[in-house]
Amino acid sequence: ASATQRSHSASLLSLFRTDGALRQLIVTTLFMMTAFALMEQSVALFIESIWVPGGGESGMKEATKLTSIFLVVVGITAIFVQGFLVRKWLKVTQETVLLRVGLVVIALSLALIPCLGALSSYPLFLTSGALLALGSGLFNPSMLGLISLSTPSERQGVALAINQSAAAMGRILGPLCAGALFSRWAPLPFTVGVGLTVVALALSWRVRAPKRPQ
């Protein structure tokens, strides 16, 4: 089993090193997922600091409820976007376009989180969650589509595995940094997330739209 694992890891590294187009996509995923994980880890603390400043057991319950509502809005919107809108839009445009639009929307939504929080209107704050879900709902299927179209069929499994590893790394890095950033300044995790998403957007402009099979 260990020999098989070593062989699989070697295949992943070899493909990552030799395929420049795939490398661009994987690094884009890493930056975007780190930004998203920063938001996920920080939004509960941010909501508590704005709408439940008193703390205590009842405050924690209220903060948990408000955070759950925010994440439900994100989840429902993402399901609608990925299950319905993306399929329609891919019929009239390329994956690269949807990928970049998704990153722009994610950056905008991350920037809006502290801005709308400052207004202390929770219903208005939820719009940032809906926008965030729209952006990630455009990004994720577009990225998977680009990886599949950019990689020969016999190497697609390895390519998708590398992308999953990059996404997992982002989900580790985001929470590792979120607490320290939030303790310095509550909006800082979202500000850093905007910066990371902008870097991902810049990387995505170097990705060429692959030809779709006829």
# chains A, B, ... in the order shown; residues from 1 in each chain; ligands from 1
>>> residues_around(residues="Ala178 of chain A", least_positions_apart="6", cutoff="9 Å", atoms="only C-alpha atoms", output="list in words")
Ala37, Leu38, Met39, Gln41, Ser42, Leu188 and Pro189 of chain A
>>> residues_around(residues="Leu98 of chain A", least_positions_apart="5", cutoff="7 Å", atoms="only C-alpha atoms", output="MDAnalysis selection string")
chainID A and resid 138:139 142
>>> write_last_selection(atoms="N, CA and C atoms", output="PDB file, in the first residue's frame")
ATOM      1  N   LEU A 138     -19.996  29.808  -9.358  1.00  0.00           N
ATOM      2  CA  LEU A 138     -19.443  29.957 -10.701  1.00  0.00           C
ATOM      3  C   LEU A 138     -18.027  29.400 -10.782  1.00  0.00           C
ATOM      4  N   PHE A 139     -17.263  29.629  -9.733  1.00  0.00           N
ATOM      5  CA  PHE A 139     -15.840  29.245  -9.751  1.00  0.00           C
ATOM      6  C   PHE A 139     -15.659  27.729  -9.773  1.00  0.00           C
ATOM      7  N   SER A 142     -16.589  25.648 -12.945  1.00  0.00           N
ATOM      8  CA  SER A 142     -15.768  26.138 -14.056  1.00  0.00           C
ATOM      9  C   SER A 142     -14.337  25.639 -13.929  1.00  0.00           C
TER      10      SER A 142
END
>>> residues_around(residues="Pro141 of chain A", least_positions_apart="4", cutoff="8 Å", atoms="only C-alpha atoms", output="ChimeraX atom specification")
/A:82,86,137,145
>>> write_last_selection(atoms="N, CA and C atoms", output="PDB file, in the first residue's frame")
ATOM      1  N   GLN A  82     -24.962  26.371  -9.045  1.00  0.00           N
ATOM      2  CA  GLN A  82     -24.268  25.250  -9.675  1.00  0.00           C
ATOM      3  C   GLN A  82     -25.223  24.287 -10.380  1.00  0.00           C
ATOM      4  N   VAL A  86     -25.240  27.722 -13.881  1.00  0.00           N
ATOM      5  CA  VAL A  86     -23.979  27.432 -14.571  1.00  0.00           C
ATOM      6  C   VAL A  86     -24.215  26.614 -15.831  1.00  0.00           C
ATOM      7  N   GLY A 137     -20.144  29.438  -6.624  1.00  0.00           N
ATOM      8  CA  GLY A 137     -20.925  28.568  -7.490  1.00  0.00           C
ATOM      9  C   GLY A 137     -20.499  28.661  -8.949  1.00  0.00           C
ATOM     10  N   GLY A 145     -14.256  21.986 -14.807  1.00  0.00           N
ATOM     11  CA  GLY A 145     -14.389  21.847 -16.250  1.00  0.00           C
ATOM     12  C   GLY A 145     -13.105  22.180 -16.983  1.00  0.00           C
TER      13      GLY A 145
END
>>> closest_residue(among="A:Ile69, A:Leu85, A:Ile79, A:Val207", to="Thr127 of chain A", atoms="only C-alpha atoms")
A:Ile69
>>> closest_residue(among="A:Ala159, A:Leu103, A:Ile26, A:Leu110", to="Ser136 of chain A", atoms="only C-alpha atoms")
A:Leu103
>>> atom_distance(atom1="atom CA of Ile162 of chain A", atom2="atom CA of Leu149 of chain A")
15.1 Å
>>> closest_residue(among="A:Phe80, A:Phe36, A:Trp51, A:Phe31", to="Leu196 of chain A", atoms="only C-alpha atoms")
A:Phe31
>>> closest_residue(among="A:Ala130, A:Thr28, A:Val43, A:Lys61", to="Val81 of chain A", atoms="only C-alpha atoms")
A:Ala130
>>> select_by_dssp(residues="chain A", states="alpha helix (DSSP H)", output="ChimeraX atom specification")
/A:2-18,20-51,56-80,86-89,95-118,122-150,156-184,188-204
>>> closest_residue(among="A:Ala44, A:Leu30, A:Met169, A:Val52", to="Leu71 of chain A", atoms="only C-alpha atoms")
A:Ala44
>>> residues_around(residues="Trp205 of chain A", least_positions_apart="5", cutoff="9 Å", atoms="only C-alpha atoms", output="ChimeraX atom specification")
/A:96,100,200
>>> write_last_selection(atoms="all heavy atoms", output="compact mmCIF listing (two decimals), in the first residue's frame")
# COMPACT_ATOMS: atom_id res chain seq x y z
N THR A 96 -13.54 29.78 -18.79
CA THR A 96 -12.62 30.81 -18.31
C THR A 96 -13.36 32.09 -17.93
O THR A 96 -13.00 32.76 -16.95
CB THR A 96 -11.56 31.13 -19.39
OG1 THR A 96 -12.22 31.34 -20.64
CG2 THR A 96 -10.55 30.02 -19.51
N ARG A 100 -13.52 33.70 -14.08
CA ARG A 100 -13.10 35.06 -13.74
C ARG A 100 -14.23 35.87 -13.15
O ARG A 100 -14.03 36.62 -12.18
CB ARG A 100 -12.54 35.76 -14.99
CG ARG A 100 -11.24 35.14 -15.47
CD ARG A 100 -10.92 35.52 -16.90
NE ARG A 100 -9.79 34.75 -17.42
CZ ARG A 100 -9.56 34.58 -18.71
NH1 ARG A 100 -10.36 35.10 -19.63
NH2 ARG A 100 -8.51 33.85 -19.10
N ALA A 200 -5.65 35.39 -7.35
CA ALA A 200 -6.23 34.28 -8.11
C ALA A 200 -6.80 34.77 -9.44
O ALA A 200 -6.66 34.11 -10.47
CB ALA A 200 -7.32 33.59 -7.28
>>> closest_atom_pairs(of="segment 82-128 of chain A", to="segment 73-77 of chain A", cutoff="12 Å", atoms="only C-alpha atoms", output="tab-separated table")
residue	atom	partner	partner_atom	distance
A:Gln82	CA	A:Thr77	CA	8.6
A:Gly83	CA	A:Thr77	CA	9.9
A:Phe84	CA	A:Thr77	CA	10.5
A:Leu85	CA	A:Thr77	CA	10.5
A:Ile106	CA	A:Val74	CA	11.8
A:Ser109	CA	A:Val74	CA	11.4
A:Pro123	CA	A:Val73	CA	11.0
A:Phe125	CA	A:Val73	CA	11.0
A:Leu126	CA	A:Val73	CA	7.3
A:Thr127	CA	A:Val73	CA	8.7
A:Ser128	CA	A:Val74	CA	8.9
>>> residues_around(residues="Ala63 of chain A", least_positions_apart="4", cutoff="10 Å", atoms="only C-alpha atoms", output="number ranges by chain")
A: 44-53, 55, 57-59, 67-69
